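Colleague: Following this message is one structure expressed as structure tokens.
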Amino acid sequence: RLADVVTPLWRLPYQEQLQVKYESQRKILQTLASCLEELGIDAQKPGGLCCPLRPVVPSPIINGYRNKSTFSVNRGPDGNPKTVGLYVGTGRARNIVCVKANHMENIPPKHKQVAQCYEEFIHHSPLDPCILFHEGGHWRELVVRTTSCGHTMAIIIFHPQELSQEALATQKALLKEFFTSGPGTVCALTSLYFQESTMTRCSHEQSSFQLLHGEPHIFEEVLGLKFRISPDAFFQVNTSGAEVLYQAVRELSQGSGDTVLLDICCGTGEQCAIGLSLAHQVSKIIGIEVVEKAIEDARWNAAFNGISNCEFHSGKAEAVLPQLLSSWEDARPLVAVVNPSRAGLHYRVVRAIRNCKSIRRLLYISCKPEGEAMRNFLELCCPPAPGKKLTGEPFAPTLAIPFDMFPHTVHCELVLLFTR
């Protein structure tokens with residue numbers, strides 16, 4: 001069953017889900033404590049943990065919390081080759097099917113409605129779905145984004161194959177007509193985008209998002225700030241959960257009027273949202289982000305919200321940060337917040353943070369602490385290692401707070417506070 005694959009905890013009462021997640025985070029902190037012991041660091045705290053672990057902070061919204069869903073097009077269990085849904089099965093077992101998301105607890109009704117309408121549209125289209133690129137076909141993914149302000153954005157991903165510009169224009173006109181004056185009008189889309197993509201995933205730079213109808217952006221509000229969302233902008237998938245997370249980061253950073261906050265997004269494309277939400281309580285925000293579009297959004301968001309104490313650097317954190325910190329002579333306290341993707345932080349980023357004496361507090365937000373992030377934790381806390389150019393004073397894990405950003409799934413967002 002689809003729900004059991006994507007949201008394996010959905011049958012459990014919510015308190016039990018939180019308990020399952022607490023146990024998994026406890027094991028991660030025990031593993032970190034053991035690894036630190038092996039490095040000769042006395043890190044064992046009560047319960048064999050490396051630092052105190054708070055209970056999992058629940059999500060304010062438990063069902064339908066996702067603000068972004070990606071639907072695939074493929075053969076359904078009933079044999080319909082134009083099913084719009086989520087994948088179940090594995091390539092190895094050759095049993096992959098696309099199952100409608102109607103029973104998914106974490107997907108809001110609006111997303112399911114747009115998926116149903118898209119399926120109706122492609123069902124009547126003479127063009128085939130694109131299941132394997134080399135076998136032809138055109139209709140691919142649908143991305144739906146919604147906001148608490150009531151906005152809905154739909155992005156249709158389409159493989160052009162050998163179609164002429166004229167034929168492409170016809171498909172775009174038909175899509176626009178369907179969603180603006182046909183059966184799709186029930187979706188009340190704020191924005192309808194179209195992307196011609198010959199790759200699994202395409203950025204705006206690789207293949208532009210073409211606005212077929214409506215507004216170029218939708219807007220979200222977080223902690224009283226307004227954020228502009230582009231088609232490929234990354235935004236925490238659970239908006240109300242993000243608010244709770246950002247509030248905790250605000251408290252843990254202990255930022256004051258003379259603090260400089262480093263917001264290192266590390267390619268997540270998150271528009272330096274954490275930094276912006278803390279801007280009013282610190283003297284300066286420095287945001288680093290590799291996704292050019294996210295920096296554009298961050299600058300717009302700062303200006304729109306009247307925030308003037310921010311500077312944004314575009315580029316890879318491993319290139320920008322060492323340069324920025326090597327010449328750091330600002331006497332103000334420096335607090336770093338890192339929010340990397342599952343791949344963790346680049347070694348050069350860890351080294352720059354570790355070797356910068358001014359950083360006494362570091363908040364590491366991890367969506368997969370048992371993965372590559374564990375390597376980062378050890379690099380931050382190990383004894384000085386001149387061979388690895390880790391000469392700065394080691395950090396120590398001080399507090400861990402898990403946040404349930406993904407109810408019904410096994411995933412959790414862990415905020416680890418490191419101090420020295």
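The way I read the labels, and the way they are meant: chains A, B, ... in the order of the structure tokens, residue 1 as the first residue of every chain, and ligand 1 as the first ligand shown, with later ones counted on from there.
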Taking 5 positions as the minimum chain separation for residues in the same chain, which residues sit within 7 Å of range 318-333 of chain A when counting only C-alpha atoms? Answer as a PyMOL selection string.
Modeller: chain A and resi 258-260+346+348-349+352+356+358
Colleague: If you keep C-alpha atoms, can you produce a file of those selected residues as a PDB file, in the first residue's frame?
Modeller:
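The result, written out as again-v6.pdb:
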ATOM      1  CA  ASP A 258      26.015  43.063  18.765  1.00  0.00           C
ATOM      2  CA  THR A 259      25.860  39.540  17.281  1.00  0.00           C
ATOM      3  CA  VAL A 260      26.698  38.740  13.664  1.00  0.00           C
ATOM      4  CA  HIS A 346      31.912  20.222   2.559  1.00  0.00           C
ATOM      5  CA  ARG A 348      36.414  23.070   3.654  1.00  0.00           C
ATOM      6  CA  VAL A 349      33.296  24.583   5.277  1.00  0.00           C
ATOM      7  CA  ALA A 352      36.712  27.263   8.066  1.00  0.00           C
ATOM      8  CA  CYS A 356      37.612  30.693  13.096  1.00  0.00           C
ATOM      9  CA  SER A 358      35.211  34.120  16.710  1.00  0.00           C
TER      10      SER A 358
END
Colleague: Can you pull out the residues contacting Tyr347 in chain A? Cut-off 12 Å, using only C-alpha atoms, and skip same-chain residues under 2 positions away; I want them as a ChimeraX atom specification.
Modeller: /A:317-319,321-322,343-345,349-354,372-373,375-380,388-390
Colleague: How about saving the chosen residues, N, CA and C atoms kept, as an mmCIF file, in the first residue's frame?
Modeller:
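Below is the file that was written, again.cif:
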data_model
loop_
_atom_site.group_PDB
_atom_site.id
_atom_site.type_symbol
_atom_site.label_atom_id
_atom_site.label_comp_id
_atom_site.auth_asym_id
_atom_site.auth_seq_id
_atom_site.Cartn_x
_atom_site.Cartn_y
_atom_site.Cartn_z
ATOM 1 N N ALA A 317 29.479 27.348 -0.645
ATOM 2 C CA ALA A 317 29.933 27.694 0.706
ATOM 3 C C ALA A 317 31.412 27.371 0.888
ATOM 4 N N GLU A 318 31.884 26.275 0.261
ATOM 5 C CA GLU A 318 33.293 25.887 0.439
ATOM 6 C C GLU A 318 34.248 26.862 -0.239
ATOM 7 N N ALA A 319 33.732 27.681 -1.172
ATOM 8 C CA ALA A 319 34.572 28.702 -1.814
ATOM 9 C C ALA A 319 34.429 30.041 -1.086
ATOM 10 N N LEU A 321 33.002 30.777 2.123
ATOM 11 C CA LEU A 321 33.202 30.875 3.578
ATOM 12 C C LEU A 321 34.671 30.966 4.009
ATOM 13 N N PRO A 322 35.566 30.086 3.503
ATOM 14 C CA PRO A 322 36.964 30.201 3.942
ATOM 15 C C PRO A 322 37.547 31.592 3.669
ATOM 16 N N ALA A 343 23.797 15.604 1.982
ATOM 17 C CA ALA A 343 25.219 15.334 1.736
ATOM 18 C C ALA A 343 26.113 15.918 2.823
ATOM 19 N N GLY A 344 25.538 16.722 3.738
ATOM 20 C CA GLY A 344 26.327 17.324 4.805
ATOM 21 C C GLY A 344 27.162 18.503 4.325
ATOM 22 N N LEU A 345 28.052 18.965 5.194
ATOM 23 C CA LEU A 345 28.900 20.115 4.874
ATOM 24 C C LEU A 345 30.169 19.659 4.169
ATOM 25 N N VAL A 349 34.214 23.757 4.474
ATOM 26 C CA VAL A 349 33.296 24.583 5.277
ATOM 27 C C VAL A 349 33.505 24.275 6.755
ATOM 28 N N VAL A 350 33.583 22.978 7.087
ATOM 29 C CA VAL A 350 33.829 22.557 8.481
ATOM 30 C C VAL A 350 35.144 23.154 8.967
ATOM 31 N N ARG A 351 36.172 23.059 8.133
ATOM 32 C CA ARG A 351 37.503 23.556 8.508
ATOM 33 C C ARG A 351 37.477 25.062 8.764
ATOM 34 N N ALA A 352 36.778 25.800 7.904
ATOM 35 C CA ALA A 352 36.712 27.263 8.066
ATOM 36 C C ALA A 352 36.005 27.630 9.370
ATOM 37 N N ILE A 353 34.925 26.904 9.694
ATOM 38 C CA ILE A 353 34.183 27.179 10.942
ATOM 39 C C ILE A 353 35.050 26.833 12.152
ATOM 40 N N ARG A 354 35.639 25.661 12.093
ATOM 41 C CA ARG A 354 36.447 25.165 13.218
ATOM 42 C C ARG A 354 37.635 26.085 13.502
ATOM 43 N N GLU A 372 25.871 11.617 6.374
ATOM 44 C CA GLU A 372 27.129 12.369 6.226
ATOM 45 C C GLU A 372 27.312 13.406 7.335
ATOM 46 N N ALA A 373 26.202 13.852 7.931
ATOM 47 C CA ALA A 373 26.301 14.852 9.004
ATOM 48 C C ALA A 373 27.135 14.321 10.166
ATOM 49 N N ARG A 375 29.789 12.546 10.094
ATOM 50 C CA ARG A 375 31.199 12.830 9.784
ATOM 51 C C ARG A 375 31.528 14.283 10.145
ATOM 52 N N ASN A 376 30.611 15.213 9.817
ATOM 53 C CA ASN A 376 30.801 16.627 10.164
ATOM 54 C C ASN A 376 30.894 16.825 11.670
ATOM 55 N N PHE A 377 30.005 16.144 12.429
ATOM 56 C CA PHE A 377 29.991 16.292 13.893
ATOM 57 C C PHE A 377 31.359 15.900 14.465
ATOM 58 N N LEU A 378 31.913 14.804 13.938
ATOM 59 C CA LEU A 378 33.202 14.324 14.444
ATOM 60 C C LEU A 378 34.331 15.286 14.061
ATOM 61 N N GLU A 379 34.267 15.857 12.865
ATOM 62 C CA GLU A 379 35.286 16.826 12.436
ATOM 63 C C GLU A 379 35.233 18.094 13.286
ATOM 64 N N LEU A 380 34.029 18.461 13.715
ATOM 65 C CA LEU A 380 33.882 19.669 14.542
ATOM 66 C C LEU A 380 34.383 19.444 15.966
ATOM 67 N N LYS A 388 44.992 17.326 9.189
ATOM 68 C CA LYS A 388 43.746 17.618 8.468
ATOM 69 C C LYS A 388 43.468 19.123 8.438
ATOM 70 N N LYS A 389 44.428 19.896 8.955
ATOM 71 C CA LYS A 389 44.290 21.360 9.049
ATOM 72 C C LYS A 389 43.107 21.768 9.928
ATOM 73 N N LEU A 390 42.779 20.912 10.918
ATOM 74 C CA LEU A 390 41.746 21.263 11.906
ATOM 75 C C LEU A 390 42.484 21.705 13.162
#
Colleague: Which residues are near range 144-157 of chain A? Cut-off 7 Å, only C-alpha atoms, ignore same chain within fewer than 6 positions. Put them as a ChimeraX atom specification.
Modeller: /A:67-70,111,189-197,218-220
Colleague: Quick one: residues within 9 Å of Ala279 in chain A, only C-alpha atoms counted, chain neighbours fewer than 4 positions away excluded, as a VMD selection string?
Modeller: chain A and resid 261 274 to 275 283 to 285 307 to 310
Colleague: Since we have the selection now, will you write its residues out, keeping all heavy atoms, as a PDB file, in the first residue's frame?
Modeller:
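Contents of the output file result.pdb:
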ATOM      1  N   LEU A 261      25.262  37.059  12.636  1.00  0.00           N
ATOM      2  CA  LEU A 261      24.787  35.703  12.385  1.00  0.00           C
ATOM      3  C   LEU A 261      25.149  35.264  10.967  1.00  0.00           C
ATOM      4  O   LEU A 261      24.847  35.960  10.002  1.00  0.00           O
ATOM      5  CB  LEU A 261      23.273  35.613  12.567  1.00  0.00           C
ATOM      6  CG  LEU A 261      22.765  34.176  12.442  1.00  0.00           C
ATOM      7  CD1 LEU A 261      22.473  33.584  13.811  1.00  0.00           C
ATOM      8  CD2 LEU A 261      21.523  34.091  11.582  1.00  0.00           C
ATOM      9  N   ILE A 274      16.225  31.471   7.561  1.00  0.00           N
ATOM     10  CA  ILE A 274      16.515  31.474   9.004  1.00  0.00           C
ATOM     11  C   ILE A 274      17.129  32.818   9.387  1.00  0.00           C
ATOM     12  O   ILE A 274      16.707  33.451  10.355  1.00  0.00           O
ATOM     13  CB  ILE A 274      17.435  30.295   9.385  1.00  0.00           C
ATOM     14  CG1 ILE A 274      16.643  28.987   9.247  1.00  0.00           C
ATOM     15  CG2 ILE A 274      17.969  30.456  10.800  1.00  0.00           C
ATOM     16  CD1 ILE A 274      17.457  27.734   9.395  1.00  0.00           C
ATOM     17  N   GLY A 275      18.119  33.256   8.595  1.00  0.00           N
ATOM     18  CA  GLY A 275      18.766  34.542   8.872  1.00  0.00           C
ATOM     19  C   GLY A 275      17.771  35.682   8.872  1.00  0.00           C
ATOM     20  O   GLY A 275      17.761  36.510   9.787  1.00  0.00           O
ATOM     21  N   SER A 283      22.855  42.249  15.049  1.00  0.00           N
ATOM     22  CA  SER A 283      23.334  43.469  14.391  1.00  0.00           C
ATOM     23  C   SER A 283      23.490  43.265  12.887  1.00  0.00           C
ATOM     24  O   SER A 283      23.343  44.195  12.106  1.00  0.00           O
ATOM     25  CB  SER A 283      24.647  43.937  15.019  1.00  0.00           C
ATOM     26  OG  SER A 283      25.689  43.065  14.668  1.00  0.00           O
ATOM     27  N   LYS A 284      23.789  42.003  12.466  1.00  0.00           N
ATOM     28  CA  LYS A 284      24.014  41.780  11.043  1.00  0.00           C
ATOM     29  C   LYS A 284      23.794  40.306  10.686  1.00  0.00           C
ATOM     30  O   LYS A 284      24.107  39.424  11.482  1.00  0.00           O
ATOM     31  CB  LYS A 284      25.459  42.176  10.703  1.00  0.00           C
ATOM     32  CG  LYS A 284      25.784  42.161   9.220  1.00  0.00           C
ATOM     33  CD  LYS A 284      27.238  42.595   9.025  1.00  0.00           C
ATOM     34  CE  LYS A 284      27.617  42.695   7.566  1.00  0.00           C
ATOM     35  NZ  LYS A 284      29.027  43.065   7.410  1.00  0.00           N
ATOM     36  N   ILE A 285      23.267  40.087   9.484  1.00  0.00           N
ATOM     37  CA  ILE A 285      23.111  38.733   8.938  1.00  0.00           C
ATOM     38  C   ILE A 285      24.010  38.618   7.702  1.00  0.00           C
ATOM     39  O   ILE A 285      24.003  39.506   6.847  1.00  0.00           O
ATOM     40  CB  ILE A 285      21.647  38.468   8.484  1.00  0.00           C
ATOM     41  CG1 ILE A 285      20.670  38.618   9.641  1.00  0.00           C
ATOM     42  CG2 ILE A 285      21.523  37.098   7.806  1.00  0.00           C
ATOM     43  CD1 ILE A 285      20.698  37.520  10.655  1.00  0.00           C
ATOM     44  N   ILE A 307      14.138  44.801   5.876  1.00  0.00           N
ATOM     45  CA  ILE A 307      15.330  44.333   6.595  1.00  0.00           C
ATOM     46  C   ILE A 307      16.563  44.840   5.846  1.00  0.00           C
ATOM     47  O   ILE A 307      16.776  44.508   4.684  1.00  0.00           O
ATOM     48  CB  ILE A 307      15.343  42.785   6.672  1.00  0.00           C
ATOM     49  CG1 ILE A 307      14.123  42.283   7.464  1.00  0.00           C
ATOM     50  CG2 ILE A 307      16.629  42.279   7.308  1.00  0.00           C
ATOM     51  CD1 ILE A 307      13.896  40.789   7.373  1.00  0.00           C
ATOM     52  N   SER A 308      17.361  45.658   6.532  1.00  0.00           N
ATOM     53  CA  SER A 308      18.503  46.272   5.829  1.00  0.00           C
ATOM     54  C   SER A 308      19.853  45.813   6.372  1.00  0.00           C
ATOM     55  O   SER A 308      20.896  46.189   5.841  1.00  0.00           O
ATOM     56  CB  SER A 308      18.411  47.797   5.934  1.00  0.00           C
ATOM     57  OG  SER A 308      18.332  48.167   7.296  1.00  0.00           O
ATOM     58  N   ASN A 309      19.859  44.976   7.432  1.00  0.00           N
ATOM     59  CA  ASN A 309      21.146  44.573   8.028  1.00  0.00           C
ATOM     60  C   ASN A 309      21.601  43.194   7.526  1.00  0.00           C
ATOM     61  O   ASN A 309      22.111  42.374   8.275  1.00  0.00           O
ATOM     62  CB  ASN A 309      21.061  44.574   9.559  1.00  0.00           C
ATOM     63  CG  ASN A 309      19.992  43.620  10.089  1.00  0.00           C
ATOM     64  OD1 ASN A 309      19.060  43.270   9.371  1.00  0.00           O
ATOM     65  ND2 ASN A 309      20.119  43.211  11.344  1.00  0.00           N
ATOM     66  N   CYS A 310      21.336  42.916   6.228  1.00  0.00           N
ATOM     67  CA  CYS A 310      21.710  41.622   5.646  1.00  0.00           C
ATOM     68  C   CYS A 310      22.647  41.827   4.466  1.00  0.00           C
ATOM     69  O   CYS A 310      22.459  42.751   3.687  1.00  0.00           O
ATOM     70  CB  CYS A 310      20.474  40.897   5.104  1.00  0.00           C
ATOM     71  SG  CYS A 310      19.341  40.372   6.377  1.00  0.00           S
TER      72      CYS A 310
END
Colleague: Skip Lys316 in chain A itself and residues of its chain fewer than 6 positions away, then list as a PDB file with N, CA, C and O atoms, in the first residue's frame all residues within 10 Å of it, counting only C-alpha atoms.
Modeller:
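See around23.pdb below for the written result:
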ATOM      1  N   ILE A 264      24.333  29.780   6.710  1.00  0.00           N
ATOM      2  CA  ILE A 264      24.983  29.039   5.629  1.00  0.00           C
ATOM      3  C   ILE A 264      24.015  27.970   5.123  1.00  0.00           C
ATOM      4  O   ILE A 264      23.791  26.955   5.782  1.00  0.00           O
ATOM      5  N   CYS A 265      23.396  28.245   3.968  1.00  0.00           N
ATOM      6  CA  CYS A 265      22.347  27.352   3.461  1.00  0.00           C
ATOM      7  C   CYS A 265      22.903  26.153   2.713  1.00  0.00           C
ATOM      8  O   CYS A 265      22.209  25.167   2.519  1.00  0.00           O
ATOM      9  N   CYS A 266      24.130  26.253   2.248  1.00  0.00           N
ATOM     10  CA  CYS A 266      24.815  25.119   1.632  1.00  0.00           C
ATOM     11  C   CYS A 266      24.051  24.482   0.486  1.00  0.00           C
ATOM     12  O   CYS A 266      23.897  23.265   0.417  1.00  0.00           O
ATOM     13  N   GLY A 267      23.519  25.310  -0.394  1.00  0.00           N
ATOM     14  CA  GLY A 267      22.931  24.770  -1.611  1.00  0.00           C
ATOM     15  C   GLY A 267      21.539  24.202  -1.469  1.00  0.00           C
ATOM     16  O   GLY A 267      21.040  23.516  -2.341  1.00  0.00           O
ATOM     17  N   ILE A 288      24.865  32.887   2.951  1.00  0.00           N
ATOM     18  CA  ILE A 288      25.635  32.266   1.860  1.00  0.00           C
ATOM     19  C   ILE A 288      24.773  31.182   1.229  1.00  0.00           C
ATOM     20  O   ILE A 288      24.250  30.314   1.922  1.00  0.00           O
ATOM     21  N   GLU A 289      24.633  31.231  -0.075  1.00  0.00           N
ATOM     22  CA  GLU A 289      23.761  30.288  -0.784  1.00  0.00           C
ATOM     23  C   GLU A 289      24.269  30.112  -2.211  1.00  0.00           C
ATOM     24  O   GLU A 289      24.605  31.086  -2.873  1.00  0.00           O
ATOM     25  N   VAL A 290      24.326  28.866  -2.672  1.00  0.00           N
ATOM     26  CA  VAL A 290      24.847  28.606  -4.015  1.00  0.00           C
ATOM     27  C   VAL A 290      23.792  28.824  -5.102  1.00  0.00           C
ATOM     28  O   VAL A 290      24.109  29.183  -6.225  1.00  0.00           O
ATOM     29  N   VAL A 291      22.512  28.630  -4.748  1.00  0.00           N
ATOM     30  CA  VAL A 291      21.451  28.740  -5.756  1.00  0.00           C
ATOM     31  C   VAL A 291      21.170  30.220  -6.042  1.00  0.00           C
ATOM     32  O   VAL A 291      20.657  30.942  -5.181  1.00  0.00           O
ATOM     33  N   HIS A 346      30.618  20.460   3.214  1.00  0.00           N
ATOM     34  CA  HIS A 346      31.912  20.222   2.559  1.00  0.00           C
ATOM     35  C   HIS A 346      33.004  20.376   3.620  1.00  0.00           C
ATOM     36  O   HIS A 346      32.906  21.203   4.526  1.00  0.00           O
ATOM     37  N   VAL A 349      34.214  23.757   4.474  1.00  0.00           N
ATOM     38  CA  VAL A 349      33.296  24.583   5.277  1.00  0.00           C
ATOM     39  C   VAL A 349      33.505  24.275   6.755  1.00  0.00           C
ATOM     40  O   VAL A 349      33.622  25.174   7.590  1.00  0.00           O
TER      41      VAL A 349
END
Colleague: If you run DSSP over the backbone, which residues in range 211-362 of chain A end up strand (DSSP E)? Put them as a ChimeraX atom specification.
Modeller: /A:211-214,218-222,225-229,260-264,284-289,310-314,334-338,359-362
